Amino acid sequence: MENKINVLLLTSFKDKTIMYSVVSPPLGLLRLQHYLTTRNISCDLLDFGLTDGQLGEYLNLIESGYYDIIGFGVAQENMGLDLGLIWDLRKRVSNSRKRCLFIAGGQAATHNYKQWITEGELDAILLGFAEKPLYELCMKFSEFPNNHISQIAGNIDGIVYCGIDGNFVNRPSRQLAESEFTELNYDECMDMHIPYEKYWEYTAKEGSVEKLNMDTQKFFIETVRLYTSSHCSWKCGFCNSHSFLKASQGKHSRIYRLKPTLIHQLILDHIEKYKPKVFLFNDDSLFDGSKEGVTHILELCQLIIESKKKGSIEPDVIFNCQAKVADFLIKEPKVRRVNSDLIDVLVEAGFYHFGIGVESFSDRLLRSPSINKKAFTEKDAHMVISALLEAGLSPSINIILFVPEATVDEIVYTMKALTNYILKGCQVAMTPLMRPNPGSPIYYQNDIDIVNAKWVNPHNNRIVFYPSYCVPNDKKIAEVVNKFRIREFKDMAKIADIEQDKIIKSLSWNPSVVPRTITALSVFLAVSKLLDRYDMVKFFKETVCEILTRNSFQLKQESIN
């Protein structure tokens, strides 16, 4: 018999803070939805990435009191927007005079549960992997719909709520066992359907193929994503992923990876269901440079290679993943070299794009508290990126431009290094400022200034402050950031549009889509001028002309000259 509980899950708003992003299925929320619906609990899911933040058909259901529980996948950088949504929906639900639990989950909620519960007046925060706690909450609420949240959630692990006395009650998740990780990330996923067709159609209409294929011939809409490891083993200063399970369990957990045979079965299952052209591993720890990690990825590659030979995986299916510079290094006494054997096997299996978290081409900044990447050097980064390019692979270099400890010279040096790699065919994923998210080491650094964003609650006039970005220590850089209110990539893009428009007009060019490389170089041009580094302006302009000449981009040679 179907349980008389109706649940609505909502994503946060689309992240517009990086250089380019594609709307993808919210796998975490889809997993929650699948877990509930296969256990006879009705669950709808609304992805604001597809609706541009509109409630659409769900508005009437919310106002009529149809839902018993509404869950939010909140994001720290969107705290003002997410709190505004929570309060808006609370007002709409209250008109129906029916009780509805408001809950949230995910990394932001787990690391900052006190503020989310207080300012959102949420009934509860679900911690860590939330499938089982959410199911238990639904069952308890259906049984005791009028009880206080402490009576409903009192025996559930992996949940935080306010007790009757107003104090927070944090019931940590049970220690994650490897069998449970496999159940959630393999058994459940093998049985669920992900509406990739909706997302591929949306991406096609958004023009993403043109935008990305101006830079690479191997971007395809038909991309599926896999998560096959529990969390990240690295402790980068700006990241809170590594501490997510510790925050939910109250203790550390070792990294779990799905066995290569199970990942292989997931790949075959996704090929049968969705017929993708690309697999994207979103793991932070698909492989990590350790002996165990290298063995893991080599075994997976061999299974893929064998399946391609047999025809169960098409030869042109591509595999992309996140990786770190140190993942490709062999560290011998007094010698550091690239693991060329690993790269050869990755090439044979069909791996192509690698999102490489370099962050900066300054050894000093790599070792700074805000980055804290001591496992590799600038020399290592150049060595690995060059080796990937020589193998015919496509590294995408992730950069934080205004690292708090950076000097003007270090920023210029990084932009120049990036430009040289753009000329060699690399892609760039650029974030202007470092985010001090709760749970990240930099959030607790006393010597780094943090600027808070402000949101005023229109329902009670409470002012909510939440961390927005780290202030650059260099006065010149900080002055530029403050003067032009640079917070996200879109803010830099507005400044760079002036340079980009100059390029287009000077060439009598009328492109339907401006290549990302030109956008990146326009940013570098703008930043050089803002920092009074006019010695670099000529270099970036010449690079723009070289790229346009090389790629033709429907321009006549004389126009470029």
# chains A, B, ... in the order shown; residues from 1 in each chain; ligands from 1

$ closest_atom_pairs --of "segment 85-167 of chain A" --to "segment 231-249 of chain A" --cutoff "7 Å" --atoms "only C-alpha atoms" --output "Markdown table"
| residue | atom | partner | partner_atom | distance |
| --- | --- | --- | --- | --- |
| A:Gln107 | CA | A:Phe244 | CA | 6.2 |
| A:Thr110 | CA | A:Ser248 | CA | 6.5 |
| A:His111 | CA | A:Ala247 | CA | 6.4 |
| A:Leu127 | CA | A:Ser248 | CA | 5.0 |
| A:Gly128 | CA | A:Ser248 | CA | 5.1 |
| A:Gly158 | CA | A:Ser248 | CA | 6.7 |

$ residues_around --residues "Arg31 of chain A" --least-positions-apart "4" --cutoff "9 Å" --atoms "only C-alpha atoms" --output "VMD selection string"
chain A and resid 26 to 27 35 to 36 131 184 to 185 188 to 189 192

$ residues_around --residues "segment 162-178 of chain A" --least-positions-apart "2" --cutoff "8 Å" --atoms "only C-alpha atoms" --output "MDAnalysis selection string"
chainID A and resid 114 123:124 127:128 148:150 156:160 180:182 248:251 253 256

$ residues_around --residues "Val537 of chain A" --least-positions-apart "5" --cutoff "12 Å" --atoms "only C-alpha atoms" --output "PyMOL selection string"
chain A and resi 412+415-416+499+521-532+542-544

$ write_last_selection --atoms "N, CA and C atoms" --output "PDB file, in the first residue's frame"
ATOM      1  N   VAL A 412      49.631  37.928 -13.054  1.00  0.00           N
ATOM      2  CA  VAL A 412      50.060  38.104 -14.443  1.00  0.00           C
ATOM      3  C   VAL A 412      50.797  36.864 -14.930  1.00  0.00           C
ATOM      4  N   MET A 415      48.248  34.165 -15.660  1.00  0.00           N
ATOM      5  CA  MET A 415      47.500  34.454 -16.892  1.00  0.00           C
ATOM      6  C   MET A 415      48.354  34.169 -18.132  1.00  0.00           C
ATOM      7  N   LYS A 416      49.644  34.508 -18.052  1.00  0.00           N
ATOM      8  CA  LYS A 416      50.530  34.263 -19.192  1.00  0.00           C
ATOM      9  C   LYS A 416      50.723  32.768 -19.412  1.00  0.00           C
ATOM     10  N   GLU A 499      36.440  44.634 -23.921  1.00  0.00           N
ATOM     11  CA  GLU A 499      37.582  44.197 -24.724  1.00  0.00           C
ATOM     12  C   GLU A 499      37.129  43.267 -25.842  1.00  0.00           C
ATOM     13  N   LEU A 521      40.705  35.302 -22.963  1.00  0.00           N
ATOM     14  CA  LEU A 521      41.731  36.293 -23.276  1.00  0.00           C
ATOM     15  C   LEU A 521      41.212  37.720 -23.103  1.00  0.00           C
ATOM     16  N   SER A 522      39.933  37.923 -23.329  1.00  0.00           N
ATOM     17  CA  SER A 522      39.334  39.239 -23.082  1.00  0.00           C
ATOM     18  C   SER A 522      39.371  39.563 -21.590  1.00  0.00           C
ATOM     19  N   VAL A 523      39.155  38.539 -20.760  1.00  0.00           N
ATOM     20  CA  VAL A 523      39.279  38.716 -19.310  1.00  0.00           C
ATOM     21  C   VAL A 523      40.711  39.116 -18.954  1.00  0.00           C
ATOM     22  N   PHE A 524      41.686  38.412 -19.533  1.00  0.00           N
ATOM     23  CA  PHE A 524      43.092  38.712 -19.241  1.00  0.00           C
ATOM     24  C   PHE A 524      43.458  40.134 -19.670  1.00  0.00           C
ATOM     25  N   LEU A 525      42.938  40.551 -20.821  1.00  0.00           N
ATOM     26  CA  LEU A 525      43.173  41.917 -21.290  1.00  0.00           C
ATOM     27  C   LEU A 525      42.623  42.936 -20.289  1.00  0.00           C
ATOM     28  N   ALA A 526      41.387  42.691 -19.866  1.00  0.00           N
ATOM     29  CA  ALA A 526      40.739  43.621 -18.932  1.00  0.00           C
ATOM     30  C   ALA A 526      41.476  43.662 -17.601  1.00  0.00           C
ATOM     31  N   VAL A 527      41.832  42.496 -17.073  1.00  0.00           N
ATOM     32  CA  VAL A 527      42.523  42.437 -15.783  1.00  0.00           C
ATOM     33  C   VAL A 527      43.883  43.127 -15.869  1.00  0.00           C
ATOM     34  N   SER A 528      44.605  42.925 -16.981  1.00  0.00           N
ATOM     35  CA  SER A 528      45.914  43.577 -17.156  1.00  0.00           C
ATOM     36  C   SER A 528      45.779  45.092 -17.099  1.00  0.00           C
ATOM     37  N   LYS A 529      44.758  45.620 -17.752  1.00  0.00           N
ATOM     38  CA  LYS A 529      44.560  47.075 -17.740  1.00  0.00           C
ATOM     39  C   LYS A 529      44.160  47.562 -16.352  1.00  0.00           C
ATOM     40  N   LEU A 530      43.275  46.803 -15.678  1.00  0.00           N
ATOM     41  CA  LEU A 530      42.827  47.212 -14.348  1.00  0.00           C
ATOM     42  C   LEU A 530      43.973  47.211 -13.351  1.00  0.00           C
ATOM     43  N   LEU A 531      44.930  46.305 -13.553  1.00  0.00           N
ATOM     44  CA  LEU A 531      46.078  46.216 -12.655  1.00  0.00           C
ATOM     45  C   LEU A 531      47.259  47.056 -13.139  1.00  0.00           C
ATOM     46  N   ASP A 532      47.013  47.876 -14.172  1.00  0.00           N
ATOM     47  CA  ASP A 532      48.055  48.749 -14.740  1.00  0.00           C
ATOM     48  C   ASP A 532      49.248  47.968 -15.275  1.00  0.00           C
ATOM     49  N   GLU A 542      48.054  39.960 -29.254  1.00  0.00           N
ATOM     50  CA  GLU A 542      48.712  39.149 -30.279  1.00  0.00           C
ATOM     51  C   GLU A 542      48.244  37.697 -30.213  1.00  0.00           C
ATOM     52  N   THR A 543      47.983  37.218 -29.011  1.00  0.00           N
ATOM     53  CA  THR A 543      47.489  35.847 -28.848  1.00  0.00           C
ATOM     54  C   THR A 543      46.095  35.704 -29.451  1.00  0.00           C
ATOM     55  N   VAL A 544      45.243  36.699 -29.245  1.00  0.00           N
ATOM     56  CA  VAL A 544      43.903  36.673 -29.838  1.00  0.00           C
ATOM     57  C   VAL A 544      44.009  36.561 -31.357  1.00  0.00           C
TER      58      VAL A 544
END

$ closest_residue --among "A:His193, A:His270, A:Lys91, A:Lys198" --to "His34 of chain A" --atoms "only C-alpha atoms"
A:His193

$ residues_around --residues "Val325 of chain A" --least-positions-apart "5" --cutoff "12 Å" --atoms "only C-alpha atoms" --output "NGL selection string"
:A and (287-289 or 330 or 336-339 or 354-361 or 366 or 373-388 or 395-398)

$ write_last_selection --atoms "N, CA, C and O atoms" --output "tab-separated table (two decimals), in the first residue's frame"
chain	number	residue	atom	x	y	z
A	287	PHE	N	40.90	8.23	-9.19
A	287	PHE	CA	42.23	7.70	-8.87
A	287	PHE	C	43.02	8.85	-8.27
A	287	PHE	O	42.77	10.01	-8.56
A	288	ASP	N	43.96	8.56	-7.39
A	288	ASP	CA	44.58	9.65	-6.63
A	288	ASP	C	46.09	9.60	-6.60
A	288	ASP	O	46.72	10.23	-5.76
A	289	GLY	N	46.70	8.85	-7.50
A	289	GLY	CA	48.15	8.82	-7.54
A	289	GLY	C	48.76	7.82	-6.58
A	289	GLY	O	49.95	7.50	-6.70
A	330	ILE	N	55.00	9.93	-10.73
A	330	ILE	CA	55.72	8.86	-10.03
A	330	ILE	C	56.83	9.54	-9.24
A	330	ILE	O	57.67	10.24	-9.80
A	336	ARG	N	61.21	12.93	-9.96
A	336	ARG	CA	59.76	12.96	-10.15
A	336	ARG	C	59.51	12.92	-11.65
A	336	ARG	O	60.06	13.72	-12.40
A	337	ARG	N	58.70	11.97	-12.08
A	337	ARG	CA	58.45	11.85	-13.50
A	337	ARG	C	56.98	11.52	-13.74
A	337	ARG	O	56.26	11.09	-12.84
A	338	VAL	N	56.55	11.72	-14.96
A	338	VAL	CA	55.17	11.44	-15.33
A	338	VAL	C	54.98	9.94	-15.51
A	338	VAL	O	55.84	9.25	-16.05
A	339	ASN	N	53.84	9.46	-15.05
A	339	ASN	CA	53.51	8.04	-15.21
A	339	ASN	C	53.01	7.83	-16.64
A	339	ASN	O	51.80	7.82	-16.90
A	354	PHE	N	40.43	15.95	-19.05
A	354	PHE	CA	40.78	15.86	-17.63
A	354	PHE	C	40.66	17.25	-17.01
A	354	PHE	O	41.35	18.17	-17.44
A	355	GLY	N	39.77	17.39	-16.04
A	355	GLY	CA	39.69	18.65	-15.31
A	355	GLY	C	40.80	18.66	-14.26
A	355	GLY	O	40.72	17.95	-13.25
A	356	ILE	N	41.85	19.45	-14.50
A	356	ILE	CA	43.03	19.44	-13.64
A	356	ILE	C	43.00	20.64	-12.70
A	356	ILE	O	43.04	21.79	-13.14
A	357	GLY	N	42.93	20.37	-11.40
A	357	GLY	CA	42.92	21.45	-10.41
A	357	GLY	C	44.32	21.98	-10.15
A	357	GLY	O	44.98	21.54	-9.21
A	358	VAL	N	44.76	22.93	-10.96
A	358	VAL	CA	46.09	23.53	-10.77
A	358	VAL	C	45.98	24.71	-9.80
A	358	VAL	O	46.81	24.88	-8.92
A	359	GLU	N	44.98	25.54	-9.96
A	359	GLU	CA	44.65	26.70	-9.13
A	359	GLU	C	45.61	27.88	-9.33
A	359	GLU	O	45.18	29.02	-9.37
A	360	SER	N	46.92	27.62	-9.44
A	360	SER	CA	47.88	28.71	-9.65
A	360	SER	C	49.19	28.13	-10.19
A	360	SER	O	49.54	27.00	-9.88
A	361	PHE	N	49.91	28.95	-10.98
A	361	PHE	CA	51.23	28.54	-11.45
A	361	PHE	C	52.32	29.23	-10.62
A	361	PHE	O	53.34	29.66	-11.15
A	366	LEU	N	50.77	27.76	-4.26
A	366	LEU	CA	50.37	26.36	-4.11
A	366	LEU	C	50.55	25.89	-2.67
A	366	LEU	O	49.81	25.03	-2.19
A	373	LYS	N	48.21	22.95	-1.64
A	373	LYS	CA	48.51	21.80	-2.52
A	373	LYS	C	50.02	21.59	-2.54
A	373	LYS	O	50.73	22.14	-3.37
A	374	LYS	N	50.47	20.78	-1.58
A	374	LYS	CA	51.91	20.58	-1.41
A	374	LYS	C	52.41	19.33	-2.12
A	374	LYS	O	53.60	19.02	-2.05
A	375	ALA	N	51.51	18.61	-2.78
A	375	ALA	CA	51.90	17.35	-3.41
A	375	ALA	C	52.54	17.55	-4.77
A	375	ALA	O	53.07	16.60	-5.35
A	376	PHE	N	52.47	18.78	-5.31
A	376	PHE	CA	53.09	19.02	-6.61
A	376	PHE	C	53.59	20.45	-6.68
A	376	PHE	O	53.22	21.31	-5.86
A	377	THR	N	54.45	20.70	-7.66
A	377	THR	CA	55.03	22.03	-7.87
A	377	THR	C	54.57	22.58	-9.22
A	377	THR	O	53.94	21.86	-10.01
A	378	GLU	N	54.92	23.84	-9.46
A	378	GLU	CA	54.63	24.42	-10.77
A	378	GLU	C	55.30	23.60	-11.87
A	378	GLU	O	54.70	23.31	-12.91
A	379	LYS	N	56.54	23.17	-11.63
A	379	LYS	CA	57.27	22.37	-12.60
A	379	LYS	C	56.52	21.06	-12.88
A	379	LYS	O	56.40	20.62	-14.03
A	380	ASP	N	56.00	20.43	-11.83
A	380	ASP	CA	55.21	19.21	-12.00
A	380	ASP	C	53.98	19.46	-12.87
A	380	ASP	O	53.62	18.65	-13.73
A	381	ALA	N	53.31	20.60	-12.61
A	381	ALA	CA	52.10	20.92	-13.37
A	381	ALA	C	52.42	21.05	-14.85
A	381	ALA	O	51.70	20.49	-15.70
A	382	HIS	N	53.48	21.78	-15.17
A	382	HIS	CA	53.87	21.92	-16.58
A	382	HIS	C	54.21	20.56	-17.19
A	382	HIS	O	53.85	20.26	-18.33
A	383	MET	N	54.90	19.73	-16.42
A	383	MET	CA	55.33	18.42	-16.90
A	383	MET	C	54.11	17.54	-17.22
A	383	MET	O	54.05	16.89	-18.27
A	384	VAL	N	53.14	17.53	-16.32
A	384	VAL	CA	51.95	16.68	-16.51
A	384	VAL	C	51.08	17.20	-17.65
A	384	VAL	O	50.63	16.44	-18.51
A	385	ILE	N	50.80	18.52	-17.66
A	385	ILE	CA	49.96	19.09	-18.72
A	385	ILE	C	50.59	18.85	-20.09
A	385	ILE	O	49.91	18.48	-21.05
A	386	SER	N	51.90	19.04	-20.19
A	386	SER	CA	52.60	18.82	-21.46
A	386	SER	C	52.50	17.35	-21.88
A	386	SER	O	52.29	17.05	-23.07
A	387	ALA	N	52.64	16.44	-20.93
A	387	ALA	CA	52.55	15.01	-21.24
A	387	ALA	C	51.15	14.63	-21.73
A	387	ALA	O	51.00	13.84	-22.66
A	388	LEU	N	50.12	15.21	-21.11
A	388	LEU	CA	48.74	14.93	-21.53
A	388	LEU	C	48.50	15.47	-22.95
A	388	LEU	O	47.87	14.80	-23.78
A	395	PRO	N	43.53	18.43	-21.47
A	395	PRO	CA	43.40	18.90	-20.08
A	395	PRO	C	42.66	20.23	-20.01
A	395	PRO	O	42.87	21.11	-20.84
A	396	SER	N	41.76	20.35	-19.04
A	396	SER	CA	41.09	21.61	-18.75
A	396	SER	C	41.65	22.11	-17.43
A	396	SER	O	41.55	21.44	-16.40
A	397	ILE	N	42.29	23.28	-17.46
A	397	ILE	CA	43.02	23.78	-16.30
A	397	ILE	C	42.10	24.64	-15.43
A	397	ILE	O	41.58	25.65	-15.88
A	398	ASN	N	41.91	24.19	-14.18
A	398	ASN	CA	41.08	24.94	-13.23
A	398	ASN	C	41.96	25.95	-12.49
A	398	ASN	O	42.99	25.57	-11.90

$ residues_around --residues "Asn473 of chain A" --least-positions-apart "6" --cutoff "10 Å" --atoms "only C-alpha atoms" --output "list in words"
Phe402, Val403, Pro404, Glu405, Ala406, Thr407, Asp447, Ile448 and Asp449 of chain A

$ select_by_dssp --residues "segment 145-307 of chain A" --states "strand (DSSP E)" --output "PyMOL selection string"
chain A and resi 159-162+168-171+223-226+278-281

$ closest_residue --among "A:Tyr421, A:His459, A:Leu433, A:Arg97" --to "Thr517 of chain A" --atoms "only C-alpha atoms"
A:Tyr421

$ select_by_dssp --residues "segment 27-129 of chain A" --states "alpha helix (DSSP H)" --output "PyMOL selection string"
chain A and resi 27-37+48-51+58-63+79-94+107-111+113-120

$ atom_distance --atom1 "atom CA of Ala108 of chain A" --atom2 "atom CA of Asp191 of chain A"
28.1 Å

$ closest_residue --among "A:Glu57, A:Asp497, A:Glu348, A:Asp47" --to "Lys308 of chain A" --atoms "only C-alpha atoms"
A:Glu348

$ decode --residues "segment 299-414 of chain A" --atoms "C-alpha atoms" --output "PDB file, in the first residue's frame"
ATOM      1  CA  GLU A 299      41.890  -2.374 -13.812  1.00  0.00           C
ATOM      2  CA  LEU A 300      38.924  -0.241 -14.908  1.00  0.00           C
ATOM      3  CA  CYS A 301      40.704   0.761 -18.113  1.00  0.00           C
ATOM      4  CA  GLN A 302      41.461  -2.844 -18.974  1.00  0.00           C
ATOM      5  CA  LEU A 303      37.773  -3.780 -18.585  1.00  0.00           C
ATOM      6  CA  ILE A 304      36.794  -0.868 -20.854  1.00  0.00           C
ATOM      7  CA  ILE A 305      39.429  -1.831 -23.444  1.00  0.00           C
ATOM      8  CA  GLU A 306      38.212  -5.448 -23.501  1.00  0.00           C
ATOM      9  CA  SER A 307      34.578  -4.331 -23.873  1.00  0.00           C
ATOM     10  CA  LYS A 308      35.510  -2.037 -26.759  1.00  0.00           C
ATOM     11  CA  LYS A 309      37.217  -4.954 -28.493  1.00  0.00           C
ATOM     12  CA  LYS A 310      34.125  -7.125 -27.970  1.00  0.00           C
ATOM     13  CA  GLY A 311      31.774  -4.362 -29.176  1.00  0.00           C
ATOM     14  CA  SER A 312      29.776  -3.958 -25.950  1.00  0.00           C
ATOM     15  CA  ILE A 313      31.229  -0.430 -25.726  1.00  0.00           C
ATOM     16  CA  GLU A 314      31.529   1.501 -28.983  1.00  0.00           C
ATOM     17  CA  PRO A 315      35.157   2.368 -29.886  1.00  0.00           C
ATOM     18  CA  ASP A 316      34.470   6.126 -29.994  1.00  0.00           C
ATOM     19  CA  VAL A 317      32.857   6.363 -26.534  1.00  0.00           C
ATOM     20  CA  ILE A 318      34.846   8.930 -24.515  1.00  0.00           C
ATOM     21  CA  PHE A 319      35.621   8.993 -20.802  1.00  0.00           C
ATOM     22  CA  ASN A 320      36.301  12.269 -18.966  1.00  0.00           C
ATOM     23  CA  CYS A 321      37.172  12.795 -15.325  1.00  0.00           C
ATOM     24  CA  GLN A 322      38.447  15.075 -12.579  1.00  0.00           C
ATOM     25  CA  ALA A 323      42.118  14.646 -11.734  1.00  0.00           C
ATOM     26  CA  LYS A 324      45.009  16.276  -9.932  1.00  0.00           C
ATOM     27  CA  VAL A 325      48.532  16.919 -11.129  1.00  0.00           C
ATOM     28  CA  ALA A 326      49.907  14.503  -8.508  1.00  0.00           C
ATOM     29  CA  ASP A 327      47.682  11.704  -9.868  1.00  0.00           C
ATOM     30  CA  PHE A 328      49.976  11.420 -12.888  1.00  0.00           C
ATOM     31  CA  LEU A 329      53.296  11.602 -11.026  1.00  0.00           C
ATOM     32  CA  ILE A 330      55.717   8.861 -10.034  1.00  0.00           C
ATOM     33  CA  LYS A 331      57.789   9.987  -7.074  1.00  0.00           C
ATOM     34  CA  GLU A 332      61.095   8.185  -6.855  1.00  0.00           C
ATOM     35  CA  PRO A 333      64.086   9.141  -4.668  1.00  0.00           C
ATOM     36  CA  LYS A 334      65.347  12.479  -6.026  1.00  0.00           C
ATOM     37  CA  VAL A 335      63.299  11.991  -9.224  1.00  0.00           C
ATOM     38  CA  ARG A 336      59.755  12.960 -10.148  1.00  0.00           C
ATOM     39  CA  ARG A 337      58.447  11.850 -13.502  1.00  0.00           C
ATOM     40  CA  VAL A 338      55.165  11.443 -15.333  1.00  0.00           C
ATOM     41  CA  ASN A 339      53.513   8.042 -15.212  1.00  0.00           C
ATOM     42  CA  SER A 340      53.578   7.572 -18.995  1.00  0.00           C
ATOM     43  CA  ASP A 341      52.378   3.959 -18.742  1.00  0.00           C
ATOM     44  CA  LEU A 342      49.227   5.158 -16.975  1.00  0.00           C
ATOM     45  CA  ILE A 343      48.608   7.817 -19.631  1.00  0.00           C
ATOM     46  CA  ASP A 344      49.048   5.238 -22.418  1.00  0.00           C
ATOM     47  CA  VAL A 345      46.394   2.985 -20.872  1.00  0.00           C
ATOM     48  CA  LEU A 346      44.015   5.923 -20.317  1.00  0.00           C
ATOM     49  CA  VAL A 347      44.392   6.842 -24.003  1.00  0.00           C
ATOM     50  CA  GLU A 348      43.719   3.264 -25.115  1.00  0.00           C
ATOM     51  CA  ALA A 349      40.563   3.105 -22.956  1.00  0.00           C
ATOM     52  CA  GLY A 350      39.232   6.326 -24.485  1.00  0.00           C
ATOM     53  CA  PHE A 351      39.832   8.888 -21.730  1.00  0.00           C
ATOM     54  CA  TYR A 352      40.109  12.370 -23.207  1.00  0.00           C
ATOM     55  CA  HIS A 353      39.190  15.425 -21.063  1.00  0.00           C
ATOM     56  CA  PHE A 354      40.778  15.858 -17.627  1.00  0.00           C
ATOM     57  CA  GLY A 355      39.693  18.651 -15.307  1.00  0.00           C
ATOM     58  CA  ILE A 356      43.030  19.441 -13.643  1.00  0.00           C
ATOM     59  CA  GLY A 357      42.919  21.453 -10.415  1.00  0.00           C
ATOM     60  CA  VAL A 358      46.085  23.530 -10.775  1.00  0.00           C
ATOM     61  CA  GLU A 359      44.654  26.700  -9.128  1.00  0.00           C
ATOM     62  CA  SER A 360      47.878  28.709  -9.653  1.00  0.00           C
ATOM     63  CA  PHE A 361      51.226  28.540 -11.451  1.00  0.00           C
ATOM     64  CA  SER A 362      53.058  29.905  -8.414  1.00  0.00           C
ATOM     65  CA  ASP A 363      54.881  27.542  -6.060  1.00  0.00           C
ATOM     66  CA  ARG A 364      54.437  30.011  -3.236  1.00  0.00           C
ATOM     67  CA  LEU A 365      50.669  30.133  -3.722  1.00  0.00           C
ATOM     68  CA  LEU A 366      50.370  26.362  -4.110  1.00  0.00           C
ATOM     69  CA  ARG A 367      51.812  26.086  -0.604  1.00  0.00           C
ATOM     70  CA  SER A 368      49.775  28.946   0.822  1.00  0.00           C
ATOM     71  CA  PRO A 369      47.071  28.130   3.422  1.00  0.00           C
ATOM     72  CA  SER A 370      44.268  29.034   1.027  1.00  0.00           C
ATOM     73  CA  ILE A 371      45.356  26.492  -1.625  1.00  0.00           C
ATOM     74  CA  ASN A 372      47.437  24.010   0.393  1.00  0.00           C
ATOM     75  CA  LYS A 373      48.510  21.801  -2.523  1.00  0.00           C
ATOM     76  CA  LYS A 374      51.907  20.576  -1.406  1.00  0.00           C
ATOM     77  CA  ALA A 375      51.903  17.347  -3.408  1.00  0.00           C
ATOM     78  CA  PHE A 376      53.087  19.024  -6.607  1.00  0.00           C
ATOM     79  CA  THR A 377      55.026  22.027  -7.866  1.00  0.00           C
ATOM     80  CA  GLU A 378      54.626  24.418 -10.774  1.00  0.00           C
ATOM     81  CA  LYS A 379      57.271  22.366 -12.604  1.00  0.00           C
ATOM     82  CA  ASP A 380      55.211  19.205 -12.000  1.00  0.00           C
ATOM     83  CA  ALA A 381      52.103  20.925 -13.367  1.00  0.00           C
ATOM     84  CA  HIS A 382      53.869  21.921 -16.581  1.00  0.00           C
ATOM     85  CA  MET A 383      55.325  18.422 -16.903  1.00  0.00           C
ATOM     86  CA  VAL A 384      51.953  16.682 -16.512  1.00  0.00           C
ATOM     87  CA  ILE A 385      49.964  19.087 -18.720  1.00  0.00           C
ATOM     88  CA  SER A 386      52.602  18.816 -21.461  1.00  0.00           C
ATOM     89  CA  ALA A 387      52.547  15.009 -21.242  1.00  0.00           C
ATOM     90  CA  LEU A 388      48.744  14.933 -21.535  1.00  0.00           C
ATOM     91  CA  LEU A 389      48.863  17.236 -24.571  1.00  0.00           C
ATOM     92  CA  GLU A 390      51.592  15.178 -26.228  1.00  0.00           C
ATOM     93  CA  ALA A 391      49.426  12.082 -25.767  1.00  0.00           C
ATOM     94  CA  GLY A 392      46.593  13.793 -27.651  1.00  0.00           C
ATOM     95  CA  LEU A 393      44.495  14.343 -24.525  1.00  0.00           C
ATOM     96  CA  SER A 394      42.604  17.495 -23.534  1.00  0.00           C
ATOM     97  CA  PRO A 395      43.400  18.904 -20.084  1.00  0.00           C
ATOM     98  CA  SER A 396      41.091  21.615 -18.748  1.00  0.00           C
ATOM     99  CA  ILE A 397      43.024  23.779 -16.301  1.00  0.00           C
ATOM    100  CA  ASN A 398      41.083  24.937 -13.229  1.00  0.00           C
ATOM    101  CA  ILE A 399      42.356  28.289 -11.934  1.00  0.00           C
ATOM    102  CA  ILE A 400      41.456  30.630  -9.070  1.00  0.00           C
ATOM    103  CA  LEU A 401      42.670  33.967 -10.379  1.00  0.00           C
ATOM    104  CA  PHE A 402      42.624  36.202  -7.298  1.00  0.00           C
ATOM    105  CA  VAL A 403      44.069  33.878  -4.651  1.00  0.00           C
ATOM    106  CA  PRO A 404      44.070  35.877  -1.372  1.00  0.00           C
ATOM    107  CA  GLU A 405      47.850  35.745  -0.958  1.00  0.00           C
ATOM    108  CA  ALA A 406      48.589  36.534  -4.639  1.00  0.00           C
ATOM    109  CA  THR A 407      50.645  39.490  -5.838  1.00  0.00           C
ATOM    110  CA  VAL A 408      50.030  41.321  -9.111  1.00  0.00           C
ATOM    111  CA  ASP A 409      53.110  39.644 -10.613  1.00  0.00           C
ATOM    112  CA  GLU A 410      51.825  36.182  -9.669  1.00  0.00           C
ATOM    113  CA  ILE A 411      48.431  36.861 -11.238  1.00  0.00           C
ATOM    114  CA  VAL A 412      50.060  38.104 -14.443  1.00  0.00           C
ATOM    115  CA  TYR A 413      52.415  35.105 -14.445  1.00  0.00           C
ATOM    116  CA  THR A 414      49.469  32.703 -14.127  1.00  0.00           C
TER     117      THR A 414
END
